[in-house]
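Structure data (compact mmCIF, C-alpha atoms) from model27.txt:
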# COMPACT_ATOMS: atom_id res chain seq x y z
CA MET A 1 0.00 0.00 0.00
CA ALA A 2 2.74 2.46 0.93
CA ASP A 3 4.38 1.62 -2.37
CA LYS A 4 1.17 2.36 -4.26
CA ARG A 5 0.77 5.69 -2.47
CA GLU A 6 4.36 6.59 -3.23
CA LYS A 7 3.85 5.76 -6.90
CA LYS A 8 0.73 7.94 -7.01
CA HIS A 9 2.59 10.76 -5.29
CA ALA A 10 5.47 10.50 -7.76
CA LEU A 11 3.07 10.46 -10.71
CA ARG A 12 1.32 13.58 -9.42
CA GLU A 13 4.61 15.43 -9.08
CA ILE A 14 5.47 14.48 -12.68
CA CYS A 15 2.02 15.65 -13.80
CA ARG A 16 2.41 19.03 -12.08
CA THR A 17 5.79 19.70 -13.64
CA ALA A 18 4.82 18.35 -17.07
CA ALA A 19 1.67 20.53 -17.02
CA ARG A 20 3.87 23.61 -16.61
CA VAL A 21 6.06 22.54 -19.54
CA PHE A 22 3.02 21.85 -21.79
CA TYR A 23 1.51 25.17 -20.69
CA ASP A 24 4.67 27.06 -21.66
CA LYS A 25 5.62 25.25 -24.87
CA GLY A 26 2.31 23.74 -26.02
CA TYR A 27 1.67 20.00 -26.12
CA ASP A 28 3.15 19.64 -29.59
CA GLY A 29 6.04 21.99 -28.88
CA ALA A 30 7.22 20.19 -25.73
CA SER A 31 9.36 17.07 -26.17
CA MET A 32 9.57 14.19 -23.71
CA GLN A 33 13.23 15.25 -23.23
CA ASP A 34 12.07 18.76 -22.16
CA ILE A 35 9.76 17.15 -19.61
CA ALA A 36 12.36 14.67 -18.37
CA ASP A 37 14.79 17.58 -17.86
CA ALA A 38 12.17 19.59 -15.93
CA VAL A 39 11.22 16.62 -13.75
CA GLY A 40 14.84 15.60 -13.12
CA LEU A 41 14.56 12.13 -14.68
CA THR A 42 16.26 10.51 -17.63
CA LYS A 43 14.03 10.15 -20.69
CA ALA A 44 13.96 6.37 -20.07
CA GLY A 45 12.96 7.01 -16.45
CA LEU A 46 10.13 9.28 -17.56
CA TYR A 47 8.83 6.70 -20.05
CA HIS A 48 8.99 4.08 -17.28
CA HIS A 49 6.66 6.24 -15.15
CA VAL A 50 4.17 7.41 -17.77
CA GLY A 51 4.38 5.05 -20.77
CA SER A 52 3.97 7.63 -23.55
CA LYS A 53 3.41 11.33 -24.22
CA ASP A 54 -0.31 10.68 -24.90
CA ARG A 55 -0.60 8.81 -21.65
CA LEU A 56 1.16 11.64 -19.78
CA LEU A 57 -1.36 14.15 -21.14
CA PHE A 58 -4.14 11.79 -20.08
CA GLU A 59 -2.64 11.47 -16.57
CA ILE A 60 -2.51 15.28 -16.24
CA MET A 61 -6.17 15.60 -17.22
CA ASN A 62 -7.12 12.70 -14.98
CA TYR A 63 -5.28 14.40 -12.13
CA GLY A 64 -7.26 17.59 -12.90
CA MET A 65 -10.50 15.62 -12.54
CA ASP A 66 -9.20 13.96 -9.34
CA ILE A 67 -8.61 17.43 -7.87
CA LEU A 68 -12.17 18.46 -8.82
CA ASP A 69 -13.54 15.33 -7.15
CA GLU A 70 -11.44 15.71 -4.02
CA LEU A 71 -11.86 19.45 -3.47
CA VAL A 72 -15.41 19.99 -4.73
CA VAL A 73 -17.57 16.95 -5.47
CA SER A 74 -16.68 14.84 -2.40
CA LYS A 75 -17.38 17.82 -0.12
CA VAL A 76 -20.85 18.59 -1.46
CA ARG A 77 -22.25 15.24 -2.54
CA ASP A 78 -23.92 14.50 0.80
CA ILE A 79 -25.43 17.93 1.44
CA ALA A 80 -29.17 17.29 1.55
CA ASP A 81 -30.39 20.81 0.78
CA PRO A 82 -29.93 21.32 -2.99
CA CYS A 83 -29.56 25.13 -2.68
CA GLU A 84 -26.74 24.79 -0.19
CA ARG A 85 -25.23 21.97 -2.28
CA LEU A 86 -25.29 24.18 -5.38
CA ARG A 87 -23.89 27.19 -3.54
CA ARG A 88 -21.00 25.12 -2.14
CA THR A 89 -20.34 23.57 -5.56
CA ILE A 90 -20.07 27.01 -7.17
CA THR A 91 -17.79 28.46 -4.50
CA GLY A 92 -15.66 25.30 -4.41
CA HIS A 93 -15.25 25.17 -8.18
CA ILE A 94 -14.38 28.88 -8.33
CA ASP A 95 -11.79 28.34 -5.61
CA LEU A 96 -10.26 25.53 -7.64
CA VAL A 97 -10.01 27.57 -10.84
CA VAL A 98 -8.55 30.70 -9.26
CA ARG A 99 -5.92 28.92 -7.13
CA THR A 100 -2.76 29.70 -9.03
CA ARG A 101 -1.09 26.51 -7.79
CA ASP A 102 -2.94 24.28 -10.24
CA LEU A 103 -3.52 26.82 -12.99
CA GLU A 104 -1.65 24.86 -15.65
CA ILE A 105 -3.56 21.66 -14.93
CA THR A 106 -6.88 23.50 -15.09
CA VAL A 107 -6.01 25.08 -18.42
CA ILE A 108 -4.75 21.84 -19.96
CA LEU A 109 -7.91 20.05 -18.83
CA HIS A 110 -9.89 22.18 -21.26
CA GLU A 111 -7.54 22.02 -24.22
CA ASN A 112 -8.31 18.40 -24.91
CA ARG A 113 -8.03 18.43 -28.66
CA SER A 114 -4.61 16.80 -28.35
CA LEU A 115 -6.06 13.73 -26.62
CA LYS A 116 -7.42 11.07 -28.95
CA GLY A 117 -9.42 7.85 -28.91
CA GLU A 118 -10.04 5.86 -25.76
CA LEU A 119 -8.08 8.22 -23.47
CA ARG A 120 -10.18 11.15 -24.67
CA ARG A 121 -13.38 9.17 -24.09
CA MET A 122 -12.30 8.36 -20.53
CA ILE A 123 -11.71 12.03 -19.68
CA ASN A 124 -14.95 13.10 -21.35
CA ALA A 125 -16.85 10.50 -19.32
CA ARG A 126 -15.50 12.03 -16.10
CA LYS A 127 -16.47 15.51 -17.30
CA GLN A 128 -19.96 14.26 -18.20
CA ALA A 129 -20.39 12.83 -14.70
CA TYR A 130 -19.68 16.26 -13.22
CA ILE A 131 -22.07 17.98 -15.63
CA HIS A 132 -24.71 15.42 -14.70
CA LEU A 133 -24.22 16.21 -11.00
CA LEU A 134 -24.67 19.94 -11.74
CA GLU A 135 -27.79 19.28 -13.83
CA GLN A 136 -29.34 17.16 -11.13
CA THR A 137 -28.65 19.69 -8.38
CA ILE A 138 -30.03 22.52 -10.55
CA ALA A 139 -33.22 20.53 -11.22
CA GLU A 140 -33.62 19.91 -7.47
CA VAL A 141 -33.20 23.64 -6.78
CA GLN A 142 -35.83 24.47 -9.41
CA ALA A 143 -38.20 22.01 -7.70
CA GLN A 144 -37.86 23.98 -4.44
CA VAL A 145 -39.82 26.96 -5.74
CA SER A 146 -43.28 27.15 -7.22
CA ASP A 147 -43.38 28.22 -10.85
CA PRO A 148 -39.65 28.76 -11.53
CA PRO A 149 -38.67 30.31 -14.90
CA ARG A 150 -38.48 27.74 -17.69
CA LEU A 151 -34.81 26.84 -18.02
CA SER A 152 -33.28 23.53 -19.05
CA PRO A 153 -30.98 22.30 -16.24
CA ARG A 154 -28.50 21.27 -18.91
CA LEU A 155 -28.26 24.74 -20.49
CA ALA A 156 -28.04 26.26 -17.00
CA ALA A 157 -25.24 23.83 -16.05
CA PHE A 158 -23.21 24.80 -19.12
CA ALA A 159 -23.80 28.52 -18.49
CA LEU A 160 -22.40 27.98 -14.99
CA LEU A 161 -19.41 26.01 -16.24
CA GLY A 162 -18.69 28.76 -18.76
CA MET A 163 -18.79 31.50 -16.11
CA ILE A 164 -16.47 29.54 -13.84
CA ASN A 165 -14.04 27.99 -16.30
CA TRP A 166 -13.60 31.30 -18.13
CA LEU A 167 -12.16 32.84 -14.95
CA TYR A 168 -8.67 31.65 -15.86
CA GLN A 169 -8.79 33.98 -18.87
CA TRP A 170 -9.21 37.18 -16.87
CA TYR A 171 -9.30 36.80 -13.08
CA HIS A 172 -6.23 37.64 -11.01
CA PRO A 173 -6.40 36.79 -7.28
CA ASP A 174 -4.24 39.84 -6.49
CA GLY A 175 -6.48 42.20 -8.53
CA PRO A 176 -9.20 44.51 -7.14
CA VAL A 177 -11.86 41.79 -6.73
CA LYS A 178 -11.22 39.37 -3.88
CA GLU A 179 -12.19 35.74 -4.35
CA VAL A 180 -14.84 35.82 -1.62
CA GLU A 181 -16.57 38.78 -3.33
CA LEU A 182 -16.29 37.11 -6.74
CA ALA A 183 -17.80 33.87 -5.45
CA ALA A 184 -20.67 35.59 -3.63
CA THR A 185 -21.43 37.71 -6.72
CA TYR A 186 -21.47 34.69 -9.04
CA VAL A 187 -23.60 32.62 -6.63
CA ASP A 188 -26.17 35.43 -6.41
CA PHE A 189 -26.10 36.04 -10.17
CA PHE A 190 -26.58 32.37 -10.97
CA PHE A 191 -29.41 31.85 -8.50
CA ARG A 192 -31.21 34.95 -9.82
CA GLY A 193 -30.76 33.69 -13.39
CA LEU A 194 -32.11 30.32 -12.33
CA LEU A 195 -34.99 31.35 -10.09
CA GLY A 196 -35.88 34.87 -11.17
CA ALA A 197 -36.90 36.65 -8.01
CA SER A 198 -34.01 38.48 -6.41
CA GLY A 199 -33.30 37.37 -2.87
CA ALA A 200 -34.68 33.92 -3.64
CA LEU A 201 -31.43 32.30 -2.55
CA GLY A 202 -31.44 34.10 0.78
CA GLU A 203 -35.01 32.98 1.45
CA LEU A 204 -34.33 29.42 0.39
CA LEU A 205 -31.20 29.10 2.49
CA ARG A 206 -32.93 30.46 5.58
CA ARG A 207 -35.54 27.72 5.41
CA ASP A 208 -34.98 24.42 7.10
CA PRO A 209 -33.20 22.14 4.68
CA VAL A 210 -35.48 19.60 3.05
CA SER A 211 -34.02 16.17 2.67
CA MET B 1 -7.81 50.52 -53.53
CA ALA B 2 -8.77 47.35 -55.39
CA ASP B 3 -5.24 46.12 -54.81
CA LYS B 4 -5.56 46.78 -51.08
CA ARG B 5 -8.87 44.92 -50.96
CA GLU B 6 -7.35 42.00 -52.84
CA LYS B 7 -4.43 41.87 -50.43
CA LYS B 8 -6.82 41.86 -47.50
CA HIS B 9 -8.88 39.10 -49.11
CA ALA B 10 -5.77 37.00 -49.76
CA LEU B 11 -4.59 37.51 -46.17
CA ARG B 12 -7.97 36.42 -44.81
CA GLU B 13 -7.91 33.24 -46.88
CA ILE B 14 -4.43 32.47 -45.54
CA CYS B 15 -5.67 33.16 -41.98
CA ARG B 16 -8.62 30.78 -42.39
CA THR B 17 -6.48 27.93 -43.66
CA ALA B 18 -3.65 28.55 -41.20
CA ALA B 19 -6.16 28.62 -38.32
CA ARG B 20 -7.28 25.11 -39.28
CA VAL B 21 -3.67 23.89 -39.33
CA PHE B 22 -2.90 25.48 -35.93
CA TYR B 23 -6.15 24.04 -34.58
CA ASP B 24 -5.20 20.53 -35.72
CA LYS B 25 -1.49 20.48 -34.92
CA GLY B 26 -1.16 23.18 -32.23
CA TYR B 27 0.72 26.42 -32.77
CA ASP B 28 4.05 24.89 -31.78
CA GLY B 29 3.40 21.65 -33.64
CA ALA B 30 2.60 23.32 -36.98
CA SER B 31 5.53 24.41 -39.14
CA MET B 32 5.42 27.25 -41.68
CA GLN B 33 5.98 24.54 -44.30
CA ASP B 34 2.78 22.76 -43.13
CA ILE B 35 0.88 26.01 -43.52
CA ALA B 36 2.41 26.88 -46.90
CA ASP B 37 1.42 23.39 -48.15
CA ALA B 38 -2.15 23.83 -46.90
CA VAL B 39 -2.47 27.31 -48.42
CA GLY B 40 -0.85 26.27 -51.72
CA LEU B 41 2.07 28.68 -51.52
CA THR B 42 5.80 28.16 -51.36
CA LYS B 43 7.29 28.81 -47.94
CA ALA B 44 8.91 31.97 -49.35
CA GLY B 45 5.54 33.06 -50.72
CA LEU B 46 3.91 32.54 -47.33
CA TYR B 47 6.63 34.57 -45.58
CA HIS B 48 6.13 37.30 -48.16
CA HIS B 49 2.45 37.54 -47.21
CA VAL B 50 2.68 37.26 -43.43
CA GLY B 51 6.25 38.13 -42.38
CA SER B 52 6.67 35.54 -39.60
CA LYS B 53 4.88 32.77 -37.72
CA ASP B 54 4.23 35.15 -34.78
CA ARG B 55 2.78 37.70 -37.15
CA LEU B 56 0.57 35.05 -38.79
CA LEU B 57 -0.87 34.10 -35.39
CA PHE B 58 -1.46 37.80 -34.72
CA GLU B 59 -3.20 38.20 -38.09
CA ILE B 60 -5.51 35.26 -37.31
CA MET B 61 -6.47 36.77 -33.95
CA ASN B 62 -6.86 40.21 -35.48
CA TYR B 63 -9.13 38.68 -38.12
CA GLY B 64 -11.14 37.07 -35.30
CA MET B 65 -11.64 40.50 -33.73
CA ASP B 66 -12.51 41.99 -37.16
CA ILE B 67 -15.26 39.38 -37.51
CA LEU B 68 -16.60 40.26 -34.05
CA ASP B 69 -16.62 43.96 -34.99
CA GLU B 70 -18.25 43.39 -38.37
CA LEU B 71 -20.89 40.86 -37.34
CA VAL B 72 -21.72 42.03 -33.82
CA VAL B 73 -20.40 45.40 -32.67
CA SER B 74 -21.08 47.43 -35.82
CA LYS B 75 -24.68 46.15 -35.90
CA VAL B 76 -25.55 47.08 -32.32
CA ARG B 77 -23.48 50.15 -31.57
CA ASP B 78 -26.16 52.62 -32.66
CA ILE B 79 -29.15 50.95 -31.00
CA ALA B 80 -30.40 53.56 -28.55
CA ASP B 81 -32.29 51.27 -26.17
CA PRO B 82 -29.66 49.54 -24.01
CA CYS B 83 -31.83 46.45 -23.37
CA GLU B 84 -32.30 45.86 -27.06
CA ARG B 85 -28.60 46.61 -27.66
CA LEU B 86 -27.60 44.05 -25.04
CA ARG B 87 -30.05 41.45 -26.35
CA ARG B 88 -28.73 41.86 -29.90
CA THR B 89 -25.12 41.73 -28.69
CA ILE B 90 -25.75 38.44 -26.89
CA THR B 91 -27.58 36.80 -29.82
CA GLY B 92 -25.01 38.12 -32.33
CA HIS B 93 -22.03 36.92 -30.30
CA ILE B 94 -23.63 33.49 -29.77
CA ASP B 95 -24.25 33.25 -33.51
CA LEU B 96 -20.59 34.03 -34.16
CA VAL B 97 -19.30 31.38 -31.74
CA VAL B 98 -21.60 28.59 -32.90
CA ARG B 99 -21.08 29.13 -36.64
CA THR B 100 -18.84 26.23 -37.52
CA ARG B 101 -17.25 28.12 -40.40
CA ASP B 102 -15.02 30.21 -38.16
CA LEU B 103 -14.68 27.76 -35.29
CA GLU B 104 -10.90 27.47 -35.52
CA ILE B 105 -10.43 31.24 -35.51
CA THR B 106 -12.67 31.61 -32.47
CA VAL B 107 -10.78 28.94 -30.57
CA ILE B 108 -7.35 30.32 -31.45
CA LEU B 109 -8.47 33.80 -30.38
CA HIS B 110 -8.69 32.55 -26.81
CA GLU B 111 -5.51 30.52 -26.72
CA ASN B 112 -3.32 33.58 -26.76
CA ARG B 113 -0.49 32.34 -24.60
CA SER B 114 1.58 31.78 -27.74
CA LEU B 115 1.44 35.47 -28.67
CA LYS B 116 4.06 37.64 -26.98
CA GLY B 117 5.02 41.27 -26.47
CA GLU B 118 3.56 44.07 -28.57
CA LEU B 119 1.40 41.81 -30.76
CA ARG B 120 -0.21 40.35 -27.65
CA ARG B 121 -0.84 43.82 -26.24
CA MET B 122 -2.54 44.88 -29.49
CA ILE B 123 -4.95 41.93 -29.40
CA ASN B 124 -5.64 42.41 -25.71
CA ALA B 125 -6.46 46.09 -26.32
CA ARG B 126 -9.09 45.07 -28.89
CA LYS B 127 -10.56 42.52 -26.45
CA GLN B 128 -10.62 45.19 -23.71
CA ALA B 129 -12.55 47.55 -26.00
CA TYR B 130 -15.24 44.91 -26.47
CA ILE B 131 -15.42 44.19 -22.73
CA HIS B 132 -15.74 47.92 -22.11
CA LEU B 133 -18.66 48.09 -24.57
CA LEU B 134 -20.37 45.21 -22.72
CA GLU B 135 -19.79 46.84 -19.33
CA GLN B 136 -21.20 50.15 -20.50
CA THR B 137 -24.31 48.57 -22.01
CA ILE B 138 -24.86 46.50 -18.85
CA ALA B 139 -24.56 49.64 -16.68
CA GLU B 140 -27.12 51.41 -18.92
CA VAL B 141 -29.51 48.45 -18.58
CA GLN B 142 -29.13 48.51 -14.80
CA ALA B 143 -29.97 52.23 -14.85
CA GLN B 144 -33.29 51.45 -16.58
CA VAL B 145 -34.79 49.83 -13.49
CA SER B 146 -35.23 51.17 -10.00
CA ASP B 147 -33.21 49.36 -7.35
CA PRO B 148 -31.51 46.65 -9.47
CA PRO B 149 -29.54 43.94 -7.62
CA ARG B 150 -26.01 45.04 -6.74
CA LEU B 151 -23.78 43.63 -9.47
CA SER B 152 -20.57 45.08 -10.88
CA PRO B 153 -20.99 45.57 -14.66
CA ARG B 154 -17.48 44.23 -15.09
CA LEU B 155 -18.17 40.94 -13.28
CA ALA B 156 -21.44 40.63 -15.18
CA ALA B 157 -19.64 41.24 -18.50
CA PHE B 158 -17.13 38.49 -17.77
CA ALA B 159 -19.89 36.09 -16.68
CA LEU B 160 -21.56 36.73 -20.04
CA LEU B 161 -18.34 36.26 -22.00
CA GLY B 162 -17.75 32.99 -20.15
CA MET B 163 -21.23 31.67 -20.94
CA ILE B 164 -20.84 32.55 -24.62
CA ASN B 165 -17.21 31.71 -25.29
CA TRP B 166 -17.54 28.35 -23.52
CA LEU B 167 -20.12 27.26 -26.12
CA TYR B 168 -17.38 26.00 -28.42
CA GLN B 169 -16.53 23.40 -25.78
CA TRP B 170 -19.92 21.70 -25.81
CA TYR B 171 -22.50 23.13 -28.21
CA HIS B 172 -23.23 21.36 -31.50
CA PRO B 173 -25.54 23.17 -33.95
CA ASP B 174 -26.93 19.81 -35.12
CA GLY B 175 -27.66 18.62 -31.56
CA PRO B 176 -31.04 18.73 -29.79
CA VAL B 177 -30.91 22.45 -28.90
CA LYS B 178 -31.39 24.81 -31.84
CA GLU B 179 -29.44 28.05 -31.90
CA VAL B 180 -32.52 30.24 -31.64
CA GLU B 181 -33.62 28.41 -28.48
CA LEU B 182 -30.11 28.57 -27.03
CA ALA B 183 -29.87 32.31 -27.66
CA ALA B 184 -33.32 33.08 -26.22
CA THR B 185 -32.55 30.95 -23.14
CA TYR B 186 -29.22 32.68 -22.52
CA VAL B 187 -30.69 36.15 -23.07
CA ASP B 188 -33.45 35.45 -20.54
CA PHE B 189 -31.03 33.87 -18.08
CA PHE B 190 -28.61 36.77 -18.28
CA PHE B 191 -31.29 39.45 -17.90
CA ARG B 192 -32.76 37.64 -14.89
CA GLY B 193 -29.30 37.36 -13.34
CA LEU B 194 -28.74 41.05 -13.99
CA LEU B 195 -32.12 42.47 -12.99
CA GLY B 196 -33.65 39.89 -10.69
CA ALA B 197 -37.35 39.95 -11.44
CA SER B 198 -38.34 37.38 -14.03
CA GLY B 199 -39.98 38.89 -17.08
CA ALA B 200 -38.06 42.12 -16.52
CA LEU B 201 -36.66 41.95 -20.05
CA GLY B 202 -40.07 41.50 -21.61
CA GLU B 203 -41.36 44.51 -19.73
CA LEU B 204 -38.37 46.63 -20.57
CA LEU B 205 -38.45 45.77 -24.25
CA ARG B 206 -42.15 46.55 -24.52
CA ARG B 207 -41.55 50.09 -23.27
CA ASP B 208 -40.70 52.86 -25.66
CA PRO B 209 -36.96 52.95 -26.10
CA VAL B 210 -35.31 55.73 -24.14
CA SER B 211 -32.54 57.53 -25.94
Take the structure in the file and write it out as structure tokens.
Amino acid sequence: MADKREKKHALREICRTAARVFYDKGYDGASMQDIADAVGLTKAGLYHHVGSKDRLLFEIMNYGMDILDELVVSKVRDIADPCERLRRTITGHIDLVVRTRDLEITVILHENRSLKGELRRMINARKQAYIHLLEQTIAEVQAQVSDPPRLSPRLAAFALLGMINWLYQWYHPDGPVKEVELAATYVDFFFRGLLGASGALGELLRRDPVS
Amino acid sequence: MADKREKKHALREICRTAARVFYDKGYDGASMQDIADAVGLTKAGLYHHVGSKDRLLFEIMNYGMDILDELVVSKVRDIADPCERLRRTITGHIDLVVRTRDLEITVILHENRSLKGELRRMINARKQAYIHLLEQTIAEVQAQVSDPPRLSPRLAAFALLGMINWLYQWYHPDGPVKEVELAATYVDFFFRGLLGASGALGELLRRDPVS
């Protein structure tokens, strides 16, 4: 077991460093030698750990989805009240995207044109599972109010993903807008877009959670 | 003048084809020879038209911003009613992103890590001008209602850009959601998020435009 954990830890360190190299040079522009140099391994040692360049890209994306599961999904999955679950999902996902530590991994996760075939399908299946979780939570929130605006949970889920994932294009944690203000603003904006009446979130969250 | 127009036309054709090559192989993975082959020029001929690989990437992005100006901004700029101006901006921008014809240019426009220095600053200045236009229109819409929800026009503008620009990641024009439904849904969602009360857009647009 300790050996397995060590292997996973080593793979994650390789993924972090390789993500920075891909981010700087592009997937096609970075050679396995560049990555071996950055990681401090021989090229043979790197291939021993990751198998191939394709597989390395897959491992980086898979690691990105692991981080999403660990830091967001696992923390909200068991929250009974759908409004609170949605609020915590939004703030957790925003926190993940704006943390500079994993910026490169987050960016690479969404540039998945370089990944082909079965590896691409495996990553897309993990993304679909997250979208499905968002859709389901959104539908449950809609069911909490009488006569909510007509809005497909799927289109709402993608609007939310767009708002959040686009942050890496423009948001700087050391700029004028602090993360806590950003997250509160986006939560309020999304709930208004979803439910219409302003203040709906406040009212819903003050009620006893329904389970 | 005709000569200048012809040059511009030739440059745009090169940009379209080169964008497809960059999209397929990545900016770093595509050589100028690859692009010359795809365009049907010698490598010397290609360099004559575009100067350098950096410059070619800049020209593609600049073309992307030209398309945004021609198909969206120029058509809405003079609309006096800010609600109608915002609605038309959203539907026009969505139309631009989901048109498959210019998909590669749209994608490359947002992967601007490969562009450096002055060329990067020039593209970013054009993007800033568009964001500023969105912010201003959003502020004018907020001023149309009494006591709108507190929401920074800048954060709202970036939420909107995220929703729209993310479409290329998931939306397929031949899927179950037609573009006209998508656009109407996103317009309604955004106006509700901005103004709170559902139906606010309908009410605002039925009023006489204020100028």
For chain A, the nearest of the candidates B:Leu46, B:Met32, B:Ala159, B:Val187, counting only C-alpha atoms:
B:Ala159
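In this structure, atom CA of Leu160 of chain B sits 13.8 Å away from atom CA of Ala184 of chain B.
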Set the cut-off to 8 Å and count all atoms listed in the file: what are the residues of chain B that reach chain A? Output as a count of residues only.
34
Find the distance between atom CA of Lys75 of chain A and atom CA of Val141 of chain A and write it in Å to one decimal.
18.1 Å
Which value, in Å to one decimal, gives the distance between atom CA of Ile123 of chain A and atom CA of Ser74 of chain A?
18.2 Å
Which polymer residues have any atom within 10 Å of an atom of Thr137 of chain B, counting only C-alpha atoms, with same-chain residues fewer than 2 positions away left out, as a list in words?
Arg77, Asp81, Pro82, Cys83, Glu84, Arg85, Leu86, Thr89, Ile131, His132, Leu133, Leu134, Glu135, Ala139, Glu140, Val141, Gln142, Ala143, Pro153 and Ala157 of chain B
Residues just named, written with C-alpha atoms as a tab-separated table (two decimals), in the frame of the given file:
chain	number	residue	atom	x	y	z
B	77	ARG	CA	-23.48	50.15	-31.57
B	81	ASP	CA	-32.29	51.27	-26.17
B	82	PRO	CA	-29.66	49.54	-24.01
B	83	CYS	CA	-31.83	46.45	-23.37
B	84	GLU	CA	-32.30	45.86	-27.06
B	85	ARG	CA	-28.60	46.61	-27.66
B	86	LEU	CA	-27.60	44.05	-25.04
B	89	THR	CA	-25.12	41.73	-28.69
B	131	ILE	CA	-15.42	44.19	-22.73
B	132	HIS	CA	-15.74	47.92	-22.11
B	133	LEU	CA	-18.66	48.09	-24.57
B	134	LEU	CA	-20.37	45.21	-22.72
B	135	GLU	CA	-19.79	46.84	-19.33
B	139	ALA	CA	-24.56	49.64	-16.68
B	140	GLU	CA	-27.12	51.41	-18.92
B	141	VAL	CA	-29.51	48.45	-18.58
B	142	GLN	CA	-29.13	48.51	-14.80
B	143	ALA	CA	-29.97	52.23	-14.85
B	153	PRO	CA	-20.99	45.57	-14.66
B	157	ALA	CA	-19.64	41.24	-18.50
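Residue nearest Arg87 of chain B, chosen from B:Lys53, B:Glu6, B:Arg154, B:Val72 and counting only C-alpha atoms: B:Val72.
Proximity to Arg88 of chain A was assessed for A:Ile105, A:Leu57, A:Leu11, A:Leu71 counting all atoms listed in the file; the smallest distance is recorded for A:Leu71.
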Kindly compute an axis-aligned box around the listed atoms of segment 39-43 of chain B, allowing 3 Å on each side, and express its centre and edge lengths in Å to one decimal as AutoDock Vina command-line options.
--center_x 2.4 --center_y 27.5 --center_z -49.8 --size_x 15.8 --size_y 8.5 --size_z 9.8
Please, could N, CA and C atoms be added to segment 90-104 of chain A and the result written as a PDB file, in the coordinates of the input?
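The file below, part11.pdb, is the result:
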ATOM      1  N   ILE A  90     -20.544  25.833  -6.429  1.00  0.00           N
ATOM      2  CA  ILE A  90     -20.070  27.010  -7.170  1.00  0.00           C
ATOM      3  C   ILE A  90     -18.845  27.617  -6.491  1.00  0.00           C
ATOM      4  N   THR A  91     -18.934  27.829  -5.173  1.00  0.00           N
ATOM      5  CA  THR A  91     -17.790  28.460  -4.500  1.00  0.00           C
ATOM      6  C   THR A  91     -16.566  27.541  -4.518  1.00  0.00           C
ATOM      7  N   GLY A  92     -16.781  26.242  -4.374  1.00  0.00           N
ATOM      8  CA  GLY A  92     -15.660  25.300  -4.410  1.00  0.00           C
ATOM      9  C   GLY A  92     -14.992  25.246  -5.773  1.00  0.00           C
ATOM     10  N   HIS A  93     -15.807  25.232  -6.825  1.00  0.00           N
ATOM     11  CA  HIS A  93     -15.250  25.170  -8.180  1.00  0.00           C
ATOM     12  C   HIS A  93     -14.504  26.471  -8.515  1.00  0.00           C
ATOM     13  N   ILE A  94     -15.082  27.599  -8.109  1.00  0.00           N
ATOM     14  CA  ILE A  94     -14.380  28.880  -8.330  1.00  0.00           C
ATOM     15  C   ILE A  94     -13.038  28.862  -7.613  1.00  0.00           C
ATOM     16  N   ASP A  95     -13.035  28.394  -6.384  1.00  0.00           N
ATOM     17  CA  ASP A  95     -11.790  28.340  -5.610  1.00  0.00           C
ATOM     18  C   ASP A  95     -10.733  27.509  -6.345  1.00  0.00           C
ATOM     19  N   LEU A  96     -11.182  26.403  -6.909  1.00  0.00           N
ATOM     20  CA  LEU A  96     -10.260  25.530  -7.640  1.00  0.00           C
ATOM     21  C   LEU A  96      -9.653  26.236  -8.857  1.00  0.00           C
ATOM     22  N   VAL A  97     -10.493  26.942  -9.606  1.00  0.00           N
ATOM     23  CA  VAL A  97     -10.010  27.570 -10.840  1.00  0.00           C
ATOM     24  C   VAL A  97      -9.088  28.752 -10.554  1.00  0.00           C
ATOM     25  N   VAL A  98      -9.352  29.491  -9.484  1.00  0.00           N
ATOM     26  CA  VAL A  98      -8.550  30.700  -9.260  1.00  0.00           C
ATOM     27  C   VAL A  98      -7.290  30.441  -8.428  1.00  0.00           C
ATOM     28  N   ARG A  99      -7.172  29.232  -7.841  1.00  0.00           N
ATOM     29  CA  ARG A  99      -5.920  28.920  -7.130  1.00  0.00           C
ATOM     30  C   ARG A  99      -4.803  28.831  -8.141  1.00  0.00           C
ATOM     31  N   THR A 100      -3.806  29.670  -8.005  1.00  0.00           N
ATOM     32  CA  THR A 100      -2.760  29.700  -9.030  1.00  0.00           C
ATOM     33  C   THR A 100      -1.936  28.418  -9.047  1.00  0.00           C
ATOM     34  N   ARG A 101      -1.916  27.713  -7.906  1.00  0.00           N
ATOM     35  CA  ARG A 101      -1.090  26.510  -7.790  1.00  0.00           C
ATOM     36  C   ARG A 101      -1.350  25.505  -8.920  1.00  0.00           C
ATOM     37  N   ASP A 102      -2.615  25.295  -9.240  1.00  0.00           N
ATOM     38  CA  ASP A 102      -2.940  24.280 -10.240  1.00  0.00           C
ATOM     39  C   ASP A 102      -3.421  24.860 -11.555  1.00  0.00           C
ATOM     40  N   LEU A 103      -3.053  26.129 -11.778  1.00  0.00           N
ATOM     41  CA  LEU A 103      -3.520  26.820 -12.990  1.00  0.00           C
ATOM     42  C   LEU A 103      -3.244  26.020 -14.252  1.00  0.00           C
ATOM     43  N   GLU A 104      -2.021  25.531 -14.401  1.00  0.00           N
ATOM     44  CA  GLU A 104      -1.650  24.860 -15.650  1.00  0.00           C
ATOM     45  C   GLU A 104      -2.504  23.613 -15.874  1.00  0.00           C
TER      46      GLU A 104
END
